[in-house]
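So this block is start24.txt, compact mmCIF, C-alpha atoms (C1' of nucleotides) and all ligand atoms:
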# COMPACT_ATOMS: atom_id res chain seq x y z
CA MET A 1 -17.17 2.61 -12.83
CA ASN A 2 -15.09 0.14 -10.88
CA GLU A 3 -11.42 -0.56 -11.33
CA GLU A 4 -11.87 -3.72 -13.39
CA GLN A 5 -14.10 -1.96 -15.88
CA ASN A 6 -11.54 0.76 -16.08
CA ILE A 7 -8.78 -1.72 -16.86
CA PHE A 8 -10.98 -3.31 -19.49
CA HIS A 9 -11.71 -0.02 -21.22
CA LYS A 10 -8.07 0.97 -21.16
CA TYR A 11 -7.20 -2.36 -22.71
CA LEU A 12 -9.79 -1.96 -25.45
CA GLU A 13 -8.61 1.52 -26.25
CA LYS A 14 -4.96 0.59 -26.31
CA HIS A 15 -5.60 -2.21 -28.79
CA ASP A 16 -8.12 -0.47 -31.04
CA LEU A 17 -10.86 -2.78 -29.91
CA ARG A 18 -14.44 -1.65 -29.70
CA ASP A 19 -16.58 -1.21 -26.69
CA THR A 20 -19.68 -3.24 -27.35
CA LEU A 21 -22.80 -4.03 -25.39
CA GLN A 22 -21.97 -7.71 -25.50
CA ARG A 23 -18.52 -7.24 -24.03
CA GLU A 24 -19.85 -4.98 -21.31
CA LEU A 25 -22.53 -7.45 -20.33
CA ILE A 26 -20.20 -10.43 -20.30
CA LEU A 27 -17.64 -8.54 -18.23
CA GLN A 28 -20.28 -7.41 -15.78
CA ILE A 29 -21.67 -10.89 -15.25
CA PHE A 30 -18.20 -12.40 -14.98
CA LEU A 31 -17.22 -9.89 -12.32
CA ARG A 32 -20.36 -10.41 -10.28
CA ARG A 33 -19.66 -14.12 -10.05
CA GLU A 34 -17.01 -15.30 -7.61
CA GLY A 35 -15.29 -18.62 -7.99
CA HIS A 36 -14.51 -20.80 -10.97
CA ILE A 37 -16.86 -20.63 -13.93
CA SER A 38 -16.79 -22.38 -17.28
CA ALA A 39 -17.46 -20.69 -20.60
CA GLU A 40 -20.73 -22.55 -20.87
CA GLN A 41 -21.88 -21.59 -17.39
CA LEU A 42 -21.08 -17.99 -18.13
CA TYR A 43 -22.90 -18.25 -21.44
CA ASP A 44 -26.00 -19.52 -19.65
CA LEU A 45 -25.95 -16.56 -17.30
CA VAL A 46 -25.41 -14.14 -20.15
CA LYS A 47 -28.28 -15.62 -22.15
CA LYS A 48 -30.70 -14.86 -19.32
CA ARG A 49 -29.97 -11.18 -19.69
CA ASP A 50 -29.67 -11.14 -23.47
CA PRO A 51 -30.73 -14.28 -25.33
CA SER A 52 -29.43 -12.91 -28.60
CA ILE A 53 -25.80 -13.26 -27.57
CA GLY A 54 -23.99 -16.19 -29.14
CA GLN A 55 -21.63 -18.45 -27.27
CA ALA A 56 -18.76 -17.70 -29.61
CA THR A 57 -18.96 -14.16 -28.31
CA VAL A 58 -18.58 -15.41 -24.76
CA TYR A 59 -15.50 -17.41 -25.69
CA ARG A 60 -14.08 -14.40 -27.49
CA ALA A 61 -14.79 -12.08 -24.57
CA LEU A 62 -13.18 -14.47 -22.10
CA LYS A 63 -10.06 -14.44 -24.22
CA LEU A 64 -10.08 -10.67 -24.04
CA LEU A 65 -10.52 -10.70 -20.28
CA ILE A 66 -7.47 -12.90 -19.97
CA GLU A 67 -5.41 -10.64 -22.19
CA ALA A 68 -6.55 -7.65 -20.17
CA GLY A 69 -5.38 -9.37 -17.00
CA LEU A 70 -8.85 -9.65 -15.48
CA ALA A 71 -9.30 -13.41 -15.77
CA ARG A 72 -7.17 -16.48 -15.43
CA GLU A 73 -7.70 -20.02 -16.72
CA ILE A 74 -7.93 -23.03 -14.43
CA ASP A 75 -7.67 -26.56 -15.77
CA PHE A 76 -8.90 -29.22 -13.38
CA GLY A 77 -8.29 -31.87 -16.00
CA ASP A 78 -11.93 -32.73 -16.58
CA GLY A 79 -11.98 -31.43 -20.14
CA VAL A 80 -13.50 -28.07 -19.27
CA ILE A 81 -11.52 -24.91 -18.75
CA ARG A 82 -12.75 -22.70 -15.98
CA TYR A 83 -12.11 -19.03 -15.39
CA GLU A 84 -11.58 -17.04 -12.24
CA HIS A 85 -10.97 -13.43 -11.33
CA LYS A 86 -7.37 -12.33 -11.58
CA TYR A 87 -7.66 -8.71 -10.50
CA ASN A 88 -7.08 -8.43 -6.76
CA HIS A 89 -6.97 -12.19 -6.68
CA PRO A 90 -3.31 -13.19 -6.45
CA HIS A 91 -1.83 -16.54 -7.32
CA HIS A 92 -3.00 -19.54 -5.35
CA ASP A 93 -3.29 -23.26 -5.73
CA HIS A 94 -6.27 -25.58 -5.43
CA LEU A 95 -7.31 -28.28 -3.04
CA ILE A 96 -9.98 -30.46 -4.62
CA CYS A 97 -12.23 -33.09 -3.06
CA ARG A 98 -12.42 -36.29 -5.10
CA GLY A 99 -15.73 -37.04 -3.43
CA CYS A 100 -17.86 -33.96 -3.88
CA GLY A 101 -15.75 -31.76 -6.14
CA LYS A 102 -15.50 -28.96 -3.63
CA THR A 103 -12.43 -26.81 -4.20
CA LEU A 104 -10.52 -24.61 -1.81
CA GLU A 105 -7.94 -22.01 -2.69
CA VAL A 106 -4.71 -22.43 -0.79
CA VAL A 107 -1.27 -20.92 -0.65
CA ASP A 108 1.80 -21.99 1.24
CA SER A 109 4.65 -19.56 1.05
CA VAL A 110 7.22 -22.17 1.99
CA ILE A 111 6.12 -24.40 -0.87
CA GLU A 112 6.31 -21.44 -3.23
CA LYS A 113 9.90 -20.75 -2.17
CA LEU A 114 10.89 -24.37 -2.52
CA GLN A 115 9.39 -24.59 -6.00
CA LYS A 116 11.61 -21.75 -7.07
CA ARG A 117 14.61 -23.40 -5.50
CA VAL A 118 13.94 -26.77 -7.12
CA ALA A 119 13.62 -25.14 -10.53
CA GLU A 120 16.83 -23.21 -10.07
CA SER A 121 18.71 -26.29 -9.01
CA TYR A 122 18.05 -27.58 -12.53
CA GLY A 123 19.09 -24.33 -14.17
CA PHE A 124 15.51 -23.21 -14.76
CA GLU A 125 14.14 -19.76 -14.19
CA LEU A 126 10.66 -20.37 -12.82
CA THR A 127 7.90 -18.27 -14.37
CA ASP A 128 4.80 -19.90 -12.92
CA HIS A 129 3.38 -23.17 -11.73
CA GLU A 130 0.24 -25.14 -11.17
CA MET A 131 -0.40 -27.29 -8.15
CA TYR A 132 -3.51 -29.36 -7.58
CA LEU A 133 -3.96 -31.22 -4.32
CA TYR A 134 -6.56 -34.00 -4.46
CA GLY A 135 -8.11 -35.75 -1.52
CA TYR A 136 -11.27 -36.16 0.51
CA CYS A 137 -12.83 -33.41 2.52
CA GLU A 138 -14.06 -33.90 6.05
CA ASN A 139 -17.67 -34.36 4.96
CA CYS A 140 -16.90 -36.98 2.37
CA ARG A 141 -14.66 -38.92 4.75
CA GLN A 142 -17.41 -39.17 7.33
CA LYS A 143 -19.93 -40.33 4.76
CA ARG A 144 -17.84 -43.22 3.55
CA GLN A 145 -17.08 -44.86 6.86
CA MET B 1 9.31 -62.66 -19.09
CA ASN B 2 9.97 -59.48 -17.20
CA GLU B 3 8.16 -58.27 -14.14
CA GLU B 4 5.86 -55.83 -15.96
CA GLN B 5 4.66 -58.51 -18.33
CA ASN B 6 4.04 -60.71 -15.36
CA ILE B 7 1.94 -58.03 -13.68
CA PHE B 8 -0.01 -57.54 -16.89
CA HIS B 9 -0.78 -61.24 -17.26
CA LYS B 10 -1.81 -61.54 -13.65
CA TYR B 11 -4.11 -58.60 -14.13
CA LEU B 12 -5.68 -60.10 -17.24
CA GLU B 13 -6.22 -63.41 -15.54
CA LYS B 14 -7.72 -61.89 -12.43
CA HIS B 15 -10.25 -59.92 -14.45
CA ASP B 16 -11.15 -62.59 -17.01
CA LEU B 17 -9.56 -60.61 -19.78
CA ARG B 18 -7.94 -62.26 -22.72
CA ASP B 19 -4.34 -62.34 -23.66
CA THR B 20 -4.19 -61.12 -27.24
CA LEU B 21 -1.42 -60.45 -29.73
CA GLN B 22 -2.42 -56.79 -29.92
CA ARG B 23 -2.21 -56.28 -26.18
CA GLU B 24 1.14 -57.99 -26.00
CA LEU B 25 2.55 -55.89 -28.79
CA ILE B 26 1.27 -52.61 -27.39
CA LEU B 27 2.59 -53.44 -23.94
CA GLN B 28 5.97 -54.40 -25.34
CA ILE B 29 6.34 -51.21 -27.33
CA PHE B 30 5.12 -49.07 -24.44
CA LEU B 31 7.65 -50.63 -22.09
CA ARG B 32 10.54 -50.21 -24.51
CA ARG B 33 9.90 -46.49 -24.71
CA GLU B 34 11.00 -44.31 -21.82
CA GLY B 35 9.49 -40.90 -21.19
CA HIS B 36 6.08 -39.43 -21.93
CA ILE B 37 4.22 -40.73 -24.94
CA SER B 38 0.81 -39.87 -26.34
CA ALA B 39 -1.72 -42.42 -27.54
CA GLU B 40 -1.13 -41.30 -31.10
CA GLN B 41 2.64 -41.55 -30.86
CA LEU B 42 2.29 -45.02 -29.43
CA TYR B 43 -0.15 -45.91 -32.19
CA ASP B 44 2.36 -44.81 -34.80
CA LEU B 45 5.02 -47.06 -33.30
CA VAL B 46 2.61 -49.97 -33.08
CA LYS B 47 1.54 -49.55 -36.69
CA LYS B 48 5.12 -50.02 -37.84
CA ARG B 49 5.14 -53.50 -36.39
CA ASP B 50 1.57 -54.41 -37.24
CA PRO B 51 -0.30 -52.07 -39.59
CA SER B 52 -3.53 -53.94 -39.04
CA ILE B 53 -3.93 -52.70 -35.47
CA GLY B 54 -6.51 -49.95 -35.03
CA GLN B 55 -6.00 -46.93 -32.85
CA ALA B 56 -9.05 -47.70 -30.75
CA THR B 57 -7.19 -50.80 -29.65
CA VAL B 58 -4.26 -48.68 -28.53
CA TYR B 59 -6.55 -46.46 -26.48
CA ARG B 60 -8.20 -49.50 -24.98
CA ALA B 61 -4.87 -51.12 -24.15
CA LEU B 62 -3.56 -47.96 -22.52
CA LYS B 63 -6.59 -47.93 -20.28
CA LEU B 64 -5.78 -51.49 -19.29
CA LEU B 65 -2.16 -50.63 -18.57
CA ILE B 66 -3.32 -47.91 -16.24
CA GLU B 67 -5.70 -50.24 -14.43
CA ALA B 68 -2.93 -52.80 -14.11
CA GLY B 69 -0.71 -50.17 -12.52
CA LEU B 70 1.85 -50.16 -15.31
CA ALA B 71 1.09 -46.73 -16.75
CA ARG B 72 0.13 -43.33 -15.47
CA GLU B 73 -1.48 -40.38 -17.24
CA ILE B 74 0.19 -36.99 -17.50
CA ASP B 75 -1.74 -33.91 -18.56
CA PHE B 76 0.46 -31.00 -19.60
CA GLY B 77 -2.61 -29.01 -20.51
CA ASP B 78 -2.00 -28.96 -24.26
CA GLY B 79 -5.03 -31.06 -25.07
CA VAL B 80 -3.14 -34.33 -25.35
CA ILE B 81 -2.83 -36.87 -22.58
CA ARG B 82 0.52 -38.52 -22.31
CA TYR B 83 1.46 -41.77 -20.61
CA GLU B 84 4.51 -42.80 -18.68
CA HIS B 85 5.76 -45.92 -16.94
CA LYS B 86 4.45 -46.38 -13.44
CA TYR B 87 6.17 -49.63 -12.48
CA ASN B 88 9.45 -48.88 -10.72
CA HIS B 89 8.83 -45.24 -11.51
CA PRO B 90 7.56 -43.62 -8.35
CA HIS B 91 5.64 -40.40 -8.08
CA HIS B 92 7.36 -37.26 -9.27
CA ASP B 93 6.47 -33.84 -10.57
CA HIS B 94 7.43 -32.07 -13.77
CA LEU B 95 9.57 -29.10 -14.62
CA ILE B 96 8.72 -27.85 -18.11
CA CYS B 97 10.52 -25.34 -20.31
CA ARG B 98 8.18 -22.80 -21.91
CA GLY B 99 10.79 -22.24 -24.59
CA CYS B 100 11.67 -25.67 -25.94
CA GLY B 101 9.19 -27.93 -24.19
CA LYS B 102 11.87 -29.99 -22.49
CA THR B 103 10.59 -31.67 -19.34
CA LEU B 104 12.46 -32.86 -16.28
CA GLU B 105 11.16 -35.11 -13.56
CA VAL B 106 11.66 -33.69 -10.11
CA VAL B 107 10.79 -34.50 -6.54
CA ASP B 108 11.24 -32.52 -3.37
CA SER B 109 10.44 -34.42 -0.23
CA VAL B 110 9.92 -31.26 1.79
CA ILE B 111 7.32 -30.00 -0.67
CA GLU B 112 5.59 -33.37 -0.53
CA LYS B 113 5.38 -33.18 3.24
CA LEU B 114 4.08 -29.63 3.19
CA GLN B 115 1.41 -30.51 0.65
CA LYS B 116 0.10 -33.11 3.01
CA ARG B 117 0.16 -30.65 5.87
CA VAL B 118 -1.65 -27.94 3.93
CA ALA B 119 -4.38 -30.37 2.95
CA GLU B 120 -4.79 -31.59 6.52
CA SER B 121 -5.03 -28.06 7.82
CA TYR B 122 -8.23 -27.80 5.78
CA GLY B 123 -9.55 -31.13 7.00
CA PHE B 124 -8.61 -32.94 3.80
CA GLU B 125 -7.00 -36.32 3.55
CA LEU B 126 -4.59 -35.99 0.65
CA THR B 127 -4.64 -38.84 -1.86
CA ASP B 128 -2.47 -37.45 -4.63
CA HIS B 129 -1.42 -34.28 -6.33
CA GLU B 130 -0.09 -32.79 -9.52
CA MET B 131 2.53 -30.10 -9.66
CA TYR B 132 3.82 -28.53 -12.85
CA LEU B 133 6.66 -26.02 -12.67
CA TYR B 134 7.01 -23.85 -15.77
CA GLY B 135 9.99 -21.71 -16.69
CA TYR B 136 12.92 -21.37 -19.04
CA CYS B 137 15.78 -23.80 -19.17
CA GLU B 138 19.40 -22.69 -19.27
CA ASN B 139 19.64 -23.11 -23.04
CA CYS B 140 16.53 -21.12 -23.79
CA ARG B 141 17.60 -18.32 -21.45
CA GLN B 142 20.92 -17.93 -23.22
CA LYS B 143 19.29 -17.86 -26.63
CA ARG B 144 16.91 -15.04 -25.79
CA GLN B 145 19.43 -12.55 -24.43
C1' DA C 1 -26.47 13.81 -38.21
C1' DT C 2 -24.28 11.01 -41.93
C1' DT C 3 -20.99 8.14 -43.90
C1' DG C 4 -17.32 4.70 -44.53
C1' DC C 5 -15.23 0.92 -43.08
C1' DA C 6 -12.83 -2.02 -40.05
C1' DA C 7 -14.13 -4.49 -36.05
C1' DT C 8 -17.59 -7.40 -34.17
C1' DT C 9 -21.26 -10.51 -33.93
C1' DG C 10 -24.21 -14.77 -34.35
C1' DA C 11 -24.95 -18.87 -36.74
C1' DT C 12 -22.86 -22.58 -38.11
C1' DA C 13 -19.21 -25.60 -39.74
C1' DA C 14 -14.82 -27.44 -38.59
C1' DT C 15 -11.28 -29.42 -35.29
C1' DC C 16 -9.33 -32.86 -32.78
C1' DA C 17 -8.51 -36.04 -29.10
C1' DT C 18 -11.05 -39.46 -27.21
C1' DT C 19 -15.27 -42.80 -26.89
C1' DA C 20 -19.04 -45.38 -28.42
C1' DT C 21 -21.04 -48.43 -31.72
C1' DC C 22 -21.43 -52.37 -34.45
C1' DC C 23 -20.27 -56.13 -36.89
C1' DT C 24 -16.53 -59.58 -37.53
C1' DT C 25 -12.78 -62.18 -35.70
C1' DT C 26 -10.37 -64.39 -31.85
C1' DT C 27 -9.70 -66.48 -27.52
C1' DG C 28 -10.16 -69.71 -23.72
C1' DC C 29 -12.14 -73.65 -22.45
C1' DA C 30 -15.21 -77.71 -22.47
C1' DT D 1 -13.77 -79.03 -32.89
C1' DG D 2 -17.40 -75.99 -31.17
C1' DC D 3 -19.24 -72.26 -28.54
C1' DA D 4 -20.00 -68.11 -25.93
C1' DA D 5 -17.89 -64.25 -24.51
C1' DA D 6 -14.30 -61.05 -25.20
C1' DA D 7 -11.73 -58.27 -28.28
C1' DG D 8 -10.60 -56.07 -32.52
C1' DG D 9 -11.08 -52.80 -36.58
C1' DA D 10 -13.57 -49.45 -39.00
C1' DT D 11 -16.04 -45.76 -38.44
C1' DA D 12 -19.41 -42.64 -36.39
C1' DA D 13 -20.24 -39.84 -32.44
C1' DT D 14 -18.91 -36.61 -28.75
C1' DG D 15 -18.02 -32.32 -26.76
C1' DA D 16 -15.37 -28.37 -25.86
C1' DT D 17 -13.26 -25.00 -28.41
C1' DT D 18 -12.02 -22.46 -32.78
C1' DA D 19 -12.58 -20.94 -37.53
C1' DT D 20 -15.44 -19.07 -41.12
C1' DC D 21 -18.42 -15.80 -43.16
C1' DA D 22 -22.15 -12.82 -44.21
C1' DA D 23 -24.60 -9.28 -41.75
C1' DT D 24 -24.37 -5.69 -38.27
C1' DT D 25 -22.33 -2.10 -35.49
C1' DG D 26 -19.04 1.25 -33.26
C1' DC D 27 -16.71 5.23 -34.05
C1' DA D 28 -13.93 8.78 -36.11
C1' DA D 29 -13.90 11.97 -39.68
C1' DT D 30 -16.76 14.59 -42.31
MN MN E 1 -9.04 -20.35 -7.70
MN MN E 2 7.22 -38.09 -15.77
ZN ZN E 3 -15.96 -33.70 -0.46
ZN ZN E 4 14.14 -24.73 -23.03
Take the structure I supplied and represent it as C-alpha cells, if you would.
Amino acid sequence: MNEEQNIFHKYLEKHDLRDTLQRELILQIFLRREGHISAEQLYDLVKKRDPSIGQATVYRALKLLIEAGLAREIDFGDGVIRYEHKYNHPHHDHLICRGCGKTLEVVDSVIEKLQKRVAESYGFELTDHEMYLYGYCENCRQKRQ
Amino acid sequence: MNEEQNIFHKYLEKHDLRDTLQRELILQIFLRREGHISAEQLYDLVKKRDPSIGQATVYRALKLLIEAGLAREIDFGDGVIRYEHKYNHPHHDHLICRGCGKTLEVVDSVIEKLQKRVAESYGFELTDHEMYLYGYCENCRQKRQ
DNA sequence: ATTGCAATTGATAATCATTATCCTTTTGCA
DNA sequence: TGCAAAAGGATAATGATTATCAATTGCAAT
C-alpha cells in the first residue's frame, strides 16, 4: 500500500467513513493519472473498469480526496473544474497557451514573496493565491506567422 | 456625452449595430456603478428604471461592452462572473478577504515584470494573466482572535 | 456466520448562471 | 412611409454540479 492510500484510509477511519470498492477504484485511477483531470474524464476512466459506478459517486469521491488532502481543484475559467494530485505535489501556478491549451506548472519564489508582501501592505494575512499566466507557446507562435 | 459613450457609439457604428434605448440605459447604469457587478445585479438596477427590459438583453449588452473595450470580466471562482470598468481602469489584480469577501485592487510592477520573465523562460509570449490573492483582512483577523 | 443500521450508492431530478431559440418589435435608411 | 435587418422579450435549453431517495452494503457487535 502506498502512502496516498494510507492517508486515504486514515482519513476514512478518522471520520467514520466506509472503505468501499468504488472509493478504492476511483482513488487508484486518480493516482495513476498525472496532470489535470476533470470529474467527467475521471468518470470515463472509472467506467471502463466498472461500468456500474455512477458519476455522482465520482464527484463524491473527489470531494473526499480533497478533504483528505490528496487532491486539489484547479479552475481554468472554462466552466469545468479540474483536479490534480496534492500529495508530494506542492503549490505551483499555471502557464497556459491560448492557442493549443497546453499548460505548464511554474513557480517563482520571488513572485511568491512579493505576493505576501503586497498582501501585508494592505493589512492582509495571505493564506493562498491563484495565478494564471496566459500566452502563446513557441509552437503556436511559429504556426501563426 | 462622455468619452465612454463616445467609444460605445463608435463601436456600434463600426459594426453596423443599432443604437437602442436598452443599450443606452444599460451602458449608463453600468458606468455609474463603480466596482465589480454581476449580470444579475446589473439587471436588477436596470429593471428599476425600465421593468420591461429582459435579462437576456443585459447579458447581450454586457458582451457588447466587453467587445467595445468598456468592460472586463472578473471570475472570483464562485460561479458568477462579475464585470468592471475597463476604460481608464488599467490592469490590476485582486486581493480578497476569505472572511468578509472584501476585495482590493492591487498592482505590483515587479511581479508584473517577473510574470513576463517566467513565461518567456518557457518560450511563451505572455498576453495576459490573472492573479487572485486570498487572505484575511485586518478586521476579520481581529474578530477571530 | 448473522444481524442491525447508518453510511453509501446509482439513478434521476433539481440548480443555477448563462445561451439559444423564436416570434414580435424597433431601428436605420432609402 | 416602407422595408429589411437587427434587436428585444419571453422562455426553453444547456451543462456542470448538487440534492434526493430508495435500494444496497460495510462493519461492529452479537
Ligand atoms: Mn498543476
Ligand atoms: Mn477590479
Ligand atoms: Zn500552444
Ligand atoms: Zn475581511
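Here atom CA of A:Tyr134 stands at a distance of 24.5 Å from atom CA of A:Arg33.
A distance cut-off of 9 Å from ligand ZN 3 (chain E), applied to only C-alpha atoms (C1' of nucleotides) and all ligand atoms, picks out the residues Ile96, Cys97, Arg98, Gly99, Cys100, Gly101, Lys102, Thr103, Gly135, Tyr136, Cys137, Glu138, Asn139, Cys140 and Arg141 of chain A; Phe124 of chain B.
The protein and nucleic acid residues lying at most 12 Å from A:Glu67 are Ile7, Phe8, Lys10, Tyr11, Leu12, Lys14, His15, Arg60, Ala61, Leu62, Lys63, Leu64, Leu70, Ala71, Arg72, Glu73 and Lys86 of chain A, with all atoms listed in the file considered and sequence neighbours fewer than 3 positions away removed.
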Write out the residues from the selection above, keeping C-alpha atoms, as a PDB file, in the coordinates of the input.
ATOM      1  CA  ILE A   7      -8.780  -1.720 -16.860  1.00  0.00           C
ATOM      2  CA  PHE A   8     -10.980  -3.310 -19.490  1.00  0.00           C
ATOM      3  CA  LYS A  10      -8.070   0.970 -21.160  1.00  0.00           C
ATOM      4  CA  TYR A  11      -7.200  -2.360 -22.710  1.00  0.00           C
ATOM      5  CA  LEU A  12      -9.790  -1.960 -25.450  1.00  0.00           C
ATOM      6  CA  LYS A  14      -4.960   0.590 -26.310  1.00  0.00           C
ATOM      7  CA  HIS A  15      -5.600  -2.210 -28.790  1.00  0.00           C
ATOM      8  CA  ARG A  60     -14.080 -14.400 -27.490  1.00  0.00           C
ATOM      9  CA  ALA A  61     -14.790 -12.080 -24.570  1.00  0.00           C
ATOM     10  CA  LEU A  62     -13.180 -14.470 -22.100  1.00  0.00           C
ATOM     11  CA  LYS A  63     -10.060 -14.440 -24.220  1.00  0.00           C
ATOM     12  CA  LEU A  64     -10.080 -10.670 -24.040  1.00  0.00           C
ATOM     13  CA  LEU A  70      -8.850  -9.650 -15.480  1.00  0.00           C
ATOM     14  CA  ALA A  71      -9.300 -13.410 -15.770  1.00  0.00           C
ATOM     15  CA  ARG A  72      -7.170 -16.480 -15.430  1.00  0.00           C
ATOM     16  CA  GLU A  73      -7.700 -20.020 -16.720  1.00  0.00           C
ATOM     17  CA  LYS A  86      -7.370 -12.330 -11.580  1.00  0.00           C
TER      18      LYS A  86
END
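Among the candidates D:DA19, D:DA13, D:DA29, D:DA6, the residue lying nearest to chain B is D:DA6 (atoms considered: only C-alpha atoms (C1' of nucleotides)).
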At a cut-off of 10 Å, which residues of chain A touch chain D? Count only C-alpha atoms (C1' of nucleotides) and give the answer as a ChimeraX atom specification. /A:17-20,39-40,56,59-60,79-81
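Nearest to chain C of all the residues A:Ile53, A:Ile37, A:Ile29, A:Ala68 is A:Ile53, counting only C-alpha atoms (C1' of nucleotides).
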Got a sec to pull out which chain A residues are within 8 Å of chain B, counting only C-alpha atoms, and send them as a PyMOL selection string?
chain A and resi 75+77+95+97+106+108+111+114-115+118-119+122-138
Once you count all atoms listed in the file, what closest atom pair and distance in Å to one decimal does each residue of chain C within 9 Å of chain A have, with rows by chain and rising residue number, as a tab-separated table?
residue	atom	partner	partner_atom	distance
C:DA7	C1'	A:Arg18	CA	7.0
C:DT8	C1'	A:Arg18	CA	7.9
C:DT9	C1'	A:Thr57	CA	7.1
C:DG10	C1'	A:Gly54	CA	5.4
C:DA11	C1'	A:Gly54	CA	8.1
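Each of A:Glu105, A:His89, A:Ile66, A:Arg32 was compared to ligand MN 1 (chain E) using only C-alpha atoms and all ligand atoms, and A:Glu105 turns out to be the nearest.
For the pair atom C1' of C:DT2 and atom CA of A:Arg23, the separation is 26.2 Å.
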Atom CA of A:Gln41 sits from atom CA of A:Ile26 at a separation of 11.7 Å
For B:Asp44, the closest of B:Arg82, B:Val58, B:Tyr87, B:Ile74 counting all atoms listed in the file is B:Val58
